[in-house]
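**Q** Got run.txt for you, compact mmCIF, C-alpha atoms:
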```txt
# COMPACT_ATOMS: atom_id res chain seq x y z
CA MET A 1 0.00 0.00 0.00
CA ARG A 2 1.33 3.42 -0.95
CA LYS A 3 2.33 5.82 1.79
CA LYS A 4 0.40 9.06 2.30
CA ILE A 5 2.18 12.37 2.87
CA SER A 6 0.18 15.49 3.65
CA VAL A 7 1.55 19.01 3.25
CA ILE A 8 -0.30 21.74 5.12
CA GLY A 9 0.13 25.11 3.47
CA CYS A 10 0.15 25.73 -0.26
CA GLY A 11 2.43 28.74 -0.44
CA PHE A 12 5.86 28.66 -2.03
CA VAL A 13 7.37 26.32 0.59
CA GLY A 14 4.37 24.00 0.75
CA ALA A 15 3.78 23.73 -2.99
CA THR A 16 7.47 23.17 -3.76
CA THR A 17 7.68 20.59 -0.95
CA ALA A 18 4.70 18.70 -2.38
CA GLN A 19 6.29 18.76 -5.83
CA ARG A 20 9.62 17.44 -4.60
CA ILE A 21 7.97 14.65 -2.60
CA ALA A 22 5.86 13.60 -5.58
CA GLU A 23 8.80 13.66 -7.98
CA ARG A 24 10.72 11.36 -5.62
CA ASN A 25 7.77 8.91 -5.74
CA LEU A 26 7.69 8.75 -1.93
CA GLY A 27 3.92 8.27 -1.80
CA ASP A 28 0.63 9.94 -2.57
CA VAL A 29 0.45 13.61 -1.62
CA THR A 30 -2.41 15.62 -0.16
CA ILE A 31 -2.02 19.41 -0.09
CA ILE A 32 -4.23 21.28 2.36
CA ASP A 33 -4.76 25.03 2.48
CA ILE A 34 -7.54 27.34 3.66
CA ILE A 35 -7.71 29.29 0.39
CA GLU A 36 -10.41 27.72 -1.73
CA GLY A 37 -9.26 26.38 -5.10
CA VAL A 38 -5.54 27.00 -4.64
CA PRO A 39 -4.48 23.55 -3.36
CA GLN A 40 -6.83 21.90 -5.86
CA GLY A 41 -5.39 23.88 -8.76
CA LYS A 42 -1.76 23.45 -7.77
CA GLY A 43 -2.27 19.77 -7.05
CA LEU A 44 -3.84 19.16 -10.43
CA ASP A 45 -1.10 21.12 -12.18
CA MET A 46 1.57 19.05 -10.42
CA TYR A 47 -0.15 15.78 -11.27
CA GLU A 48 -0.38 16.78 -14.92
CA SER A 49 3.42 16.98 -14.91
CA SER A 50 3.68 13.32 -13.84
CA PRO A 51 3.65 11.83 -17.38
CA ILE A 52 6.56 14.10 -18.26
CA GLU A 53 8.54 13.76 -15.04
CA GLY A 54 7.80 10.06 -14.73
CA PHE A 55 6.35 9.77 -11.24
CA ASP A 56 3.27 7.85 -10.14
CA SER A 57 2.46 9.72 -6.94
CA LYS A 58 -1.15 10.86 -6.85
CA ILE A 59 -1.61 14.50 -5.81
CA ILE A 60 -4.82 16.05 -4.55
CA GLY A 61 -5.62 19.45 -3.07
CA SER A 62 -8.14 20.10 -0.33
CA ASN A 63 -9.52 22.77 2.01
CA ASN A 64 -10.71 20.13 4.48
CA PHE A 65 -8.51 18.97 7.36
CA ALA A 66 -10.47 15.71 7.42
CA ASP A 67 -8.44 14.75 4.34
CA LEU A 68 -5.42 14.35 6.66
CA ALA A 69 -6.87 10.97 7.62
CA GLY A 70 -4.46 8.11 7.03
CA SER A 71 -1.38 10.31 6.71
CA ASP A 72 1.95 8.64 7.47
CA VAL A 73 3.78 11.97 7.49
CA VAL A 74 2.45 15.51 7.85
CA ALA A 75 4.63 18.48 6.88
CA ILE A 76 3.49 21.78 8.36
CA THR A 77 4.59 24.65 6.13
CA ALA A 78 1.75 27.13 6.68
CA GLY A 79 2.49 30.51 8.20
CA LEU A 80 3.36 34.09 7.42
CA PRO A 81 6.72 34.60 5.68
CA ARG A 82 9.44 36.97 6.81
CA LYS A 83 9.83 40.39 5.24
CA PRO A 84 12.94 42.60 5.14
CA GLY A 85 13.89 43.80 8.61
CA MET A 86 11.97 41.01 10.35
CA THR A 87 13.52 38.28 12.44
CA ARG A 88 11.99 34.82 12.61
CA ASP A 89 10.92 35.64 16.17
CA ASP A 90 8.84 38.57 14.92
CA LEU A 91 6.41 36.00 13.53
CA LEU A 92 5.92 34.38 16.93
CA PHE A 93 2.33 35.16 17.89
CA LYS A 94 0.73 35.25 14.44
CA ASN A 95 2.20 31.95 13.37
CA ALA A 96 1.50 30.37 16.76
CA ASP A 97 -2.24 30.80 16.14
CA ILE A 98 -1.88 29.12 12.74
CA VAL A 99 0.20 26.21 14.04
CA LYS A 100 -2.08 25.68 17.05
CA ASN A 101 -5.10 25.22 14.79
CA ILE A 102 -3.18 22.91 12.46
CA ALA A 103 -1.83 20.81 15.33
CA GLU A 104 -5.33 20.35 16.75
CA ASN A 105 -6.50 19.02 13.39
CA VAL A 106 -3.47 16.75 12.99
CA LYS A 107 -4.22 15.30 16.41
CA LYS A 108 -7.84 14.75 15.42
CA TYR A 109 -7.45 13.35 11.92
CA ALA A 110 -3.90 11.93 11.70
CA PRO A 111 -3.10 10.59 15.19
CA ASN A 112 -0.48 8.14 13.93
CA ALA A 113 1.48 10.53 11.71
CA ILE A 114 5.08 11.71 11.96
CA VAL A 115 5.02 15.53 11.98
CA ILE A 116 7.70 17.77 10.43
CA VAL A 117 7.45 21.50 11.17
CA THR A 118 8.90 24.29 9.01
CA THR A 119 6.89 27.31 10.20
CA ASN A 120 8.96 30.08 11.81
CA PRO A 121 10.13 30.62 14.47
CA LEU A 122 10.76 26.97 13.82
CA ASP A 123 11.96 25.57 17.14
CA VAL A 124 9.19 27.33 19.08
CA MET A 125 6.51 26.23 16.61
CA THR A 126 7.77 22.64 16.84
CA GLN A 127 7.50 22.77 20.62
CA LEU A 128 3.99 24.20 20.30
CA ALA A 129 3.02 21.43 17.87
CA VAL A 130 4.16 18.66 20.21
CA LYS A 131 2.30 20.29 23.09
CA ILE A 132 -0.99 20.54 21.18
CA THR A 133 -0.85 17.13 19.47
CA GLU A 134 0.36 15.40 22.64
CA PHE A 135 2.38 13.09 20.37
CA ALA A 136 5.59 11.49 21.58
CA PRO A 137 8.43 14.00 20.98
CA ASN A 138 10.26 11.61 18.64
CA ARG A 139 7.29 11.91 16.23
CA VAL A 140 7.37 15.74 16.05
CA PHE A 141 10.51 17.54 14.88
CA GLY A 142 11.65 20.59 12.96
CA MET A 143 13.35 20.91 9.60
CA ALA A 144 15.96 23.63 10.20
CA GLY A 145 19.26 21.79 10.68
CA ILE A 146 19.36 20.24 7.21
CA LEU A 147 18.61 23.63 5.67
CA ASP A 148 21.20 25.52 7.73
CA SER A 149 23.83 22.86 7.04
CA ALA A 150 23.01 22.96 3.31
CA ARG A 151 23.57 26.71 3.30
CA PHE A 152 26.91 26.26 5.06
CA ARG A 153 27.86 23.57 2.52
CA ALA A 154 26.88 25.83 -0.38
CA PHE A 155 28.99 28.70 0.95
CA ILE A 156 31.98 26.37 1.48
CA SER A 157 31.57 25.14 -2.10
CA MET A 158 31.53 28.70 -3.43
CA GLU A 159 34.61 29.63 -1.42
CA LEU A 160 36.73 26.61 -2.38
CA ASP A 161 35.32 26.16 -5.91
CA ILE A 162 34.57 22.49 -5.31
CA SER A 163 31.58 20.18 -5.70
CA VAL A 164 28.92 20.35 -2.99
CA ARG A 165 28.76 16.55 -3.13
CA ASP A 166 32.06 16.24 -1.29
CA ILE A 167 31.07 18.57 1.54
CA ASP A 168 29.48 17.68 4.86
CA ALA A 169 28.60 20.34 7.41
CA MET A 170 27.06 20.47 10.86
CA VAL A 171 24.95 23.30 12.28
CA LEU A 172 23.39 23.09 15.74
CA GLY A 173 21.14 25.34 17.82
CA GLY A 174 17.94 27.22 17.17
CA HIS A 175 16.98 28.19 13.64
CA GLY A 176 17.90 31.86 13.97
CA ASP A 177 20.75 34.30 14.09
CA ASP A 178 22.21 32.47 17.11
CA MET A 179 22.53 29.10 15.38
CA VAL A 180 25.84 27.30 15.91
CA PRO A 181 27.73 26.20 12.77
CA LEU A 182 30.53 23.80 13.74
CA PRO A 183 33.63 24.14 11.52
CA ARG A 184 35.35 21.28 13.40
CA TYR A 185 32.61 18.91 12.28
CA SER A 186 32.41 20.29 8.72
CA THR A 187 34.52 18.50 6.14
CA VAL A 188 35.48 18.13 2.49
CA SER A 189 35.98 14.43 1.66
CA GLY A 190 36.75 13.90 5.34
CA ILE A 191 39.17 16.83 5.57
CA PRO A 192 38.10 19.41 8.20
CA ILE A 193 37.54 22.81 6.64
CA THR A 194 39.82 24.21 9.34
CA GLU A 195 42.68 22.70 7.30
CA LEU A 196 41.48 24.24 4.03
CA MET A 197 40.59 27.82 5.03
CA ASP A 198 41.91 30.36 7.48
CA LYS A 199 39.92 31.41 10.53
CA GLN A 200 38.89 34.74 9.05
CA THR A 201 37.35 33.05 6.01
CA ILE A 202 35.60 30.44 8.12
CA ASP A 203 34.20 33.11 10.44
CA ARG A 204 32.83 34.97 7.43
CA LEU A 205 31.09 31.84 6.12
CA VAL A 206 29.72 31.05 9.58
CA GLU A 207 28.21 34.51 9.82
CA ARG A 208 26.75 34.26 6.32
CA THR A 209 25.18 30.92 7.28
CA ARG A 210 23.58 32.48 10.35
CA LYS A 211 22.11 35.25 8.22
CA GLY A 212 21.40 33.01 5.20
CA GLY A 213 17.63 33.24 5.39
CA GLY A 214 17.69 37.00 5.91
CA GLU A 215 19.97 37.44 2.89
CA ILE A 216 17.31 35.84 0.67
CA VAL A 217 14.48 37.81 2.32
CA ASN A 218 16.33 41.04 1.56
CA TYR A 219 16.59 40.06 -2.10
CA LEU A 220 12.98 38.90 -2.48
CA LYS A 221 11.43 41.81 -0.51
CA THR A 222 7.98 40.21 -0.28
CA GLY A 223 8.79 36.62 0.67
CA SER A 224 11.36 34.20 2.01
CA ALA A 225 13.34 31.16 0.86
CA TYR A 226 11.52 28.10 -0.42
CA TYR A 227 13.67 26.07 -2.82
CA ALA A 228 16.23 24.99 -0.20
CA PRO A 229 13.70 24.63 2.65
CA SER A 230 11.48 22.38 0.51
CA SER A 231 14.46 20.21 -0.40
CA ALA A 232 15.27 19.86 3.31
CA VAL A 233 11.71 18.79 4.12
CA ALA A 234 11.68 16.28 1.26
CA ASP A 235 14.92 14.75 2.56
CA MET A 236 13.37 14.32 6.01
CA VAL A 237 10.16 12.84 4.59
CA GLN A 238 12.23 10.40 2.54
CA ALA A 239 14.24 9.39 5.63
CA VAL A 240 10.98 8.50 7.40
CA ILE A 241 9.12 6.87 4.50
CA CYS A 242 12.12 4.80 3.40
CA ASP A 243 13.41 4.10 6.94
CA GLU A 244 16.81 5.41 5.88
CA LYS A 245 18.36 5.82 9.36
CA ARG A 246 19.84 9.15 8.23
CA ILE A 247 22.12 11.06 10.61
CA VAL A 248 21.18 14.71 10.10
CA PRO A 249 20.75 17.81 12.24
CA CYS A 250 17.18 18.81 12.99
CA SER A 251 15.16 20.49 15.72
CA ALA A 252 14.61 17.77 18.31
CA TYR A 253 13.26 17.64 21.84
CA LEU A 254 16.05 17.39 24.41
CA SER A 255 15.62 15.90 27.86
CA GLY A 256 19.15 15.94 29.23
CA LYS A 257 21.40 15.68 26.18
CA TYR A 258 23.91 18.54 25.90
CA GLY A 259 22.81 19.61 29.40
CA LEU A 260 19.49 20.87 28.02
CA SER A 261 15.96 19.83 28.93
CA ASP A 262 12.41 20.62 27.85
CA VAL A 263 13.45 22.48 24.71
CA TYR A 264 13.53 21.92 20.95
CA VAL A 265 16.86 22.82 19.41
CA GLY A 266 18.95 21.69 16.46
CA VAL A 267 21.16 18.64 17.13
CA PRO A 268 22.26 15.62 15.07
CA VAL A 269 19.72 12.78 15.15
CA LYS A 270 18.98 9.46 13.47
CA ILE A 271 15.75 9.55 11.46
CA GLY A 272 13.89 6.41 10.44
CA SER A 273 10.37 5.09 10.10
CA SER A 274 9.45 5.88 13.72
CA GLY A 275 10.73 9.43 13.50
CA ILE A 276 13.73 10.39 15.62
CA GLU A 277 15.27 7.10 16.68
CA ALA A 278 18.34 8.47 18.47
CA ILE A 279 19.90 11.79 19.44
CA ILE A 280 23.64 11.99 18.78
CA GLU A 281 25.60 13.83 21.46
CA LEU A 282 28.75 15.36 20.00
CA LYS A 283 31.78 16.24 22.10
CA LEU A 284 31.67 20.03 22.06
CA SER A 285 34.25 22.52 23.24
CA ASP A 286 33.32 24.85 26.07
CA ASP A 287 32.75 27.68 23.58
CA GLU A 288 30.58 25.52 21.31
CA LEU A 289 28.50 24.23 24.21
CA SER A 290 28.07 27.75 25.57
CA ALA A 291 26.88 28.94 22.14
CA LEU A 292 24.40 26.05 21.96
CA HIS A 293 23.04 26.88 25.42
CA LYS A 294 22.71 30.54 24.46
CA SER A 295 20.78 29.60 21.32
CA ALA A 296 18.53 27.25 23.32
CA SER A 297 17.86 29.97 25.90
CA ILE A 298 16.40 32.21 23.18
CA VAL A 299 14.07 29.38 22.12
CA LYS A 300 12.99 28.94 25.75
CA GLU A 301 12.35 32.67 26.13
CA ASN A 302 10.00 32.63 23.15
CA VAL A 303 8.23 29.50 24.39
CA LEU A 304 7.62 31.33 27.68
CA LYS A 305 6.21 34.34 25.78
CA LEU A 306 3.58 32.06 24.23
CA ASN A 307 2.67 30.65 27.63
CA THR A 308 2.15 34.06 29.29
```
Let me see the file written as structure tokens.

**A**
Amino acid sequence: MRKKISVIGCGFVGATTAQRIAERNLGDVTIIDIIEGVPQGKGLDMYESSPIEGFDSKIIGSNNFADLAGSDVVAITAGLPRKPGMTRDDLLFKNADIVKNIAENVKKYAPNAIVIVTTNPLDVMTQLAVKITEFAPNRVFGMAGILDSARFRAFISMELDISVRDIDAMVLGGHGDDMVPLPRYSTVSGIPITELMDKQTIDRLVERTRKGGGEIVNYLKTGSAYYAPSSAVADMVQAVICDEKRIVPCSAYLSGKYGLSDVYVGVPVKIGSSGIEAIIELKLSDDELSALHKSASIVKENVLKLNT
């Protein structure tokens, strides 16, 4: 029996995510959005590309949350995008209302699903989603780490003029300006980038990674990134659907690892068919651990704002 993946939100991130999932033949796709006709039209348009692209995934659009029923994976992409001058945290209260409503419907109609959150501020919205659904934390996690690491990898590729395929990178922490790229754990064919670039260059790439989303927002003016985020979500969906046991960074619930508890923050995890199957605890330097704790403290502050 084919797997069912539902994408909630039919904006640029949601629609591109649905397209990437379908083109990978991961399962049948349901796109849900509150705007009448938009998910239906985009879904039909995508499906009409299937004879050309060669995929057999069925795609339907709906305005009814009841169509979440039977979902194996639900990707939450709905929410207001950033605009120039805005931080991800500026979206806190408006997007919290959206995610709360979505999570209630996921709980009602798709109680057995794995949930992947992309709505900003991502770590806080993921924590809100797990609270509302009351799902086990390993079944609710956030996309950010794969995206942030991909940006770091892209910038390393540009700097060294080498293929992105030979680059691995690791970015921890909250999905915001206080994220923690780890040069020591970022390599080119196994060679640490600290042996290929000087500290000044690495520091510049680290800072660009932290501001990577804002850089795109400033270019677009009226929207935010969606090509790279949708690729990151599709990778996570594939890891679940195909039980790939991937080791990737994502926003996961910590209950003691890294000295942190009761908070969602980006760390390396193993993703398989049951969601997060293990949290990998890296040996961090004092400075790296301090930066991770600082990033987590900002997530906690925003969680508290929602609860007051």

**Q** Return the single residue from A:Ile280, A:Val140, A:Ala96, A:Ala75 that is closest to Ser230 of chain A, with distances computed using only C-alpha atoms.

**A**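 Closest to Ser230 of chain A of all the choices is A:Ala75.
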
**Q** How many Å separate atom CA of Gly11 of chain A from atom CA of Tyr226 of chain A?

**A**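 Those two atoms sit 9.1 Å apart.
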
**Q** Which is closest to Glu36 of chain A among A:Ser231, A:Asn64, A:Ser297, A:Thr209, if we use all atoms listed in the file?

**A**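 Closest candidate: A:Asn64.
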
**Q** Enumerate, in order of chain and increasing residue number, the residues of segment 112-134 of chain A with an atom no farther than 9 Å from segment 300-306 of chain A, each with its shortest atom pair and distance in Å to one decimal, counting only C-alpha atoms, as a tab-separated table.

**A**
```
residue	atom	partner	partner_atom	distance
A:Pro121	CA	A:Asn302	CA	8.9
A:Val124	CA	A:Val303	CA	5.8
A:Met125	CA	A:Val303	CA	8.6
A:Gln127	CA	A:Val303	CA	7.7
A:Leu128	CA	A:Val303	CA	7.9
```

**Q** Rounded to one decimal, what separation in Å do you get between atom CA of Tyr47 of chain A and atom CA of Lys4 of chain A?

**A**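 Atom CA of Lys4 of chain A lies at a distance of 15.2 Å from atom CA of Tyr47 of chain A.
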
**Q** Using all atoms listed in the file for the distances, tell me which of A:Asn101, A:Ser163, A:Asn138, A:Thr16 is nearest to Val115 of chain A.

**A** A:Asn138

**Q** Using only C-alpha atoms, which of the listed residues (A:Pro192, A:Phe135, A:Ile60, A:Ile241) sits closest to Asn25 of chain A?

**A**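 Going through A:Pro192, A:Phe135, A:Ile60, A:Ile241 one by one, the smallest distance to Asn25 of chain A is for A:Ile241.
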
**Q** Considering only C-alpha atoms, return as number ranges by chain whatever protein or nucleic-acid residues lie within 10 Å of Gly70 of chain A, sequence-local ones (same chain, fewer than 5 positions apart) excluded.

**A** A: 3-6, 109-113

**Q** Mind giving me the straight-line distance from atom CA of Gly256 of chain A to atom CA of Leu292 of chain A in Å, one decimal?

**A** 13.5 Å

**Q** Would you pick out the contacts of Lys83 of chain A at 7 Å or less, using only C-alpha atoms, so that residues sharing its chain but fewer than 5 positions from it are not included, and give the list as a list of chain:residue names?

**A**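 Everything that qualifies: A:Val217, A:Lys221, A:Thr222, A:Gly223.
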
**Q** Could you write those residues out with C-alpha atoms, as a short mmCIF file (atom, residue, chain, number, x, y, z; two decimals), in the coordinates of the input?

**A**
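Once written, out-v8.cif looks like this:
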```
data_model
loop_
_atom_site.label_atom_id
_atom_site.label_comp_id
_atom_site.auth_asym_id
_atom_site.auth_seq_id
_atom_site.Cartn_x
_atom_site.Cartn_y
_atom_site.Cartn_z
CA VAL A 217 14.48 37.81 2.32
CA LYS A 221 11.43 41.81 -0.51
CA THR A 222 7.98 40.21 -0.28
CA GLY A 223 8.79 36.62 0.67
#
```

**Q** Need the shell around Ile276 of chain A: protein/DNA/RNA residues with any atom at most 7 Å away, counting only C-alpha atoms. Skip same-chain ones fewer than 4 positions apart. Format as an MDAnalysis selection string?

**A** chainID A and resid 138:139 269:272

**Q** Okay, now the selection with C-alpha atoms, as a short mmCIF file (atom, residue, chain, number, x, y, z; two decimals), in the coordinates of the input?

**A**
```cif
data_model
loop_
_atom_site.label_atom_id
_atom_site.label_comp_id
_atom_site.auth_asym_id
_atom_site.auth_seq_id
_atom_site.Cartn_x
_atom_site.Cartn_y
_atom_site.Cartn_z
CA ASN A 138 10.26 11.61 18.64
CA ARG A 139 7.29 11.91 16.23
CA VAL A 269 19.72 12.78 15.15
CA LYS A 270 18.98 9.46 13.47
CA ILE A 271 15.75 9.55 11.46
CA GLY A 272 13.89 6.41 10.44
#
```

**Q** Can you pull out every residue within 12 Å of Arg24 of chain A, counting all atoms listed in the file, but drop anything in the same chain fewer than 3 positions away, and send it as a JSON list (two decimals) with C-alpha atoms, in the frame of the given file?

**A**
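Result went into out_24.json, see below:
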```
[["chain", "number", "residue", "atom", "x", "y", "z"],
["A", 17, "THR", "CA", 7.68, 20.59, -0.95],
["A", 18, "ALA", "CA", 4.70, 18.70, -2.38],
["A", 19, "GLN", "CA", 6.29, 18.76, -5.83],
["A", 20, "ARG", "CA", 9.62, 17.44, -4.60],
["A", 21, "ILE", "CA", 7.97, 14.65, -2.60],
["A", 27, "GLY", "CA", 3.92, 8.27, -1.80],
["A", 28, "ASP", "CA", 0.63, 9.94, -2.57],
["A", 29, "VAL", "CA", 0.45, 13.61, -1.62],
["A", 50, "SER", "CA", 3.68, 13.32, -13.84],
["A", 53, "GLU", "CA", 8.54, 13.76, -15.04],
["A", 54, "GLY", "CA", 7.80, 10.06, -14.73],
["A", 55, "PHE", "CA", 6.35, 9.77, -11.24],
["A", 56, "ASP", "CA", 3.27, 7.85, -10.14],
["A", 57, "SER", "CA", 2.46, 9.72, -6.94],
["A", 58, "LYS", "CA", -1.15, 10.86, -6.85],
["A", 231, "SER", "CA", 14.46, 20.21, -0.40],
["A", 234, "ALA", "CA", 11.68, 16.28, 1.26],
["A", 235, "ASP", "CA", 14.92, 14.75, 2.56],
["A", 237, "VAL", "CA", 10.16, 12.84, 4.59],
["A", 238, "GLN", "CA", 12.23, 10.40, 2.54],
["A", 239, "ALA", "CA", 14.24, 9.39, 5.63],
["A", 241, "ILE", "CA", 9.12, 6.87, 4.50],
["A", 242, "CYS", "CA", 12.12, 4.80, 3.40]]
```

**Q** Kindly extract all protein, DNA and RNA residues lying within 12 Å of the coordinates (-3.5, 27.3, 17.4) given in the file, considering all atoms listed in the file, and supply them as a CSV table (one decimal) with C-alpha atoms, in the coordinates of the input.

**A**
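Writing done, so here's point_35.csv:
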```csv
chain,number,residue,atom,x,y,z
A,78,ALA,CA,1.8,27.1,6.7
A,79,GLY,CA,2.5,30.5,8.2
A,92,LEU,CA,5.9,34.4,16.9
A,93,PHE,CA,2.3,35.2,17.9
A,94,LYS,CA,0.7,35.2,14.4
A,95,ASN,CA,2.2,32.0,13.4
A,96,ALA,CA,1.5,30.4,16.8
A,97,ASP,CA,-2.2,30.8,16.1
A,98,ILE,CA,-1.9,29.1,12.7
A,99,VAL,CA,0.2,26.2,14.0
A,100,LYS,CA,-2.1,25.7,17.0
A,101,ASN,CA,-5.1,25.2,14.8
A,102,ILE,CA,-3.2,22.9,12.5
A,103,ALA,CA,-1.8,20.8,15.3
A,104,GLU,CA,-5.3,20.4,16.8
A,105,ASN,CA,-6.5,19.0,13.4
A,106,VAL,CA,-3.5,16.8,13.0
A,125,MET,CA,6.5,26.2,16.6
A,128,LEU,CA,4.0,24.2,20.3
A,129,ALA,CA,3.0,21.4,17.9
A,130,VAL,CA,4.2,18.7,20.2
A,131,LYS,CA,2.3,20.3,23.1
A,132,ILE,CA,-1.0,20.5,21.2
A,133,THR,CA,-0.8,17.1,19.5
A,306,LEU,CA,3.6,32.1,24.2
```

**Q** Compile the contact shell of Gly85 of chain A as a PyMOL selection string: residues with an atom at most 12 Å away, counting only C-alpha atoms, same-chain residues fewer than 4 positions apart removed.

**A** chain A and resi 89-91+211+213-219+221-224
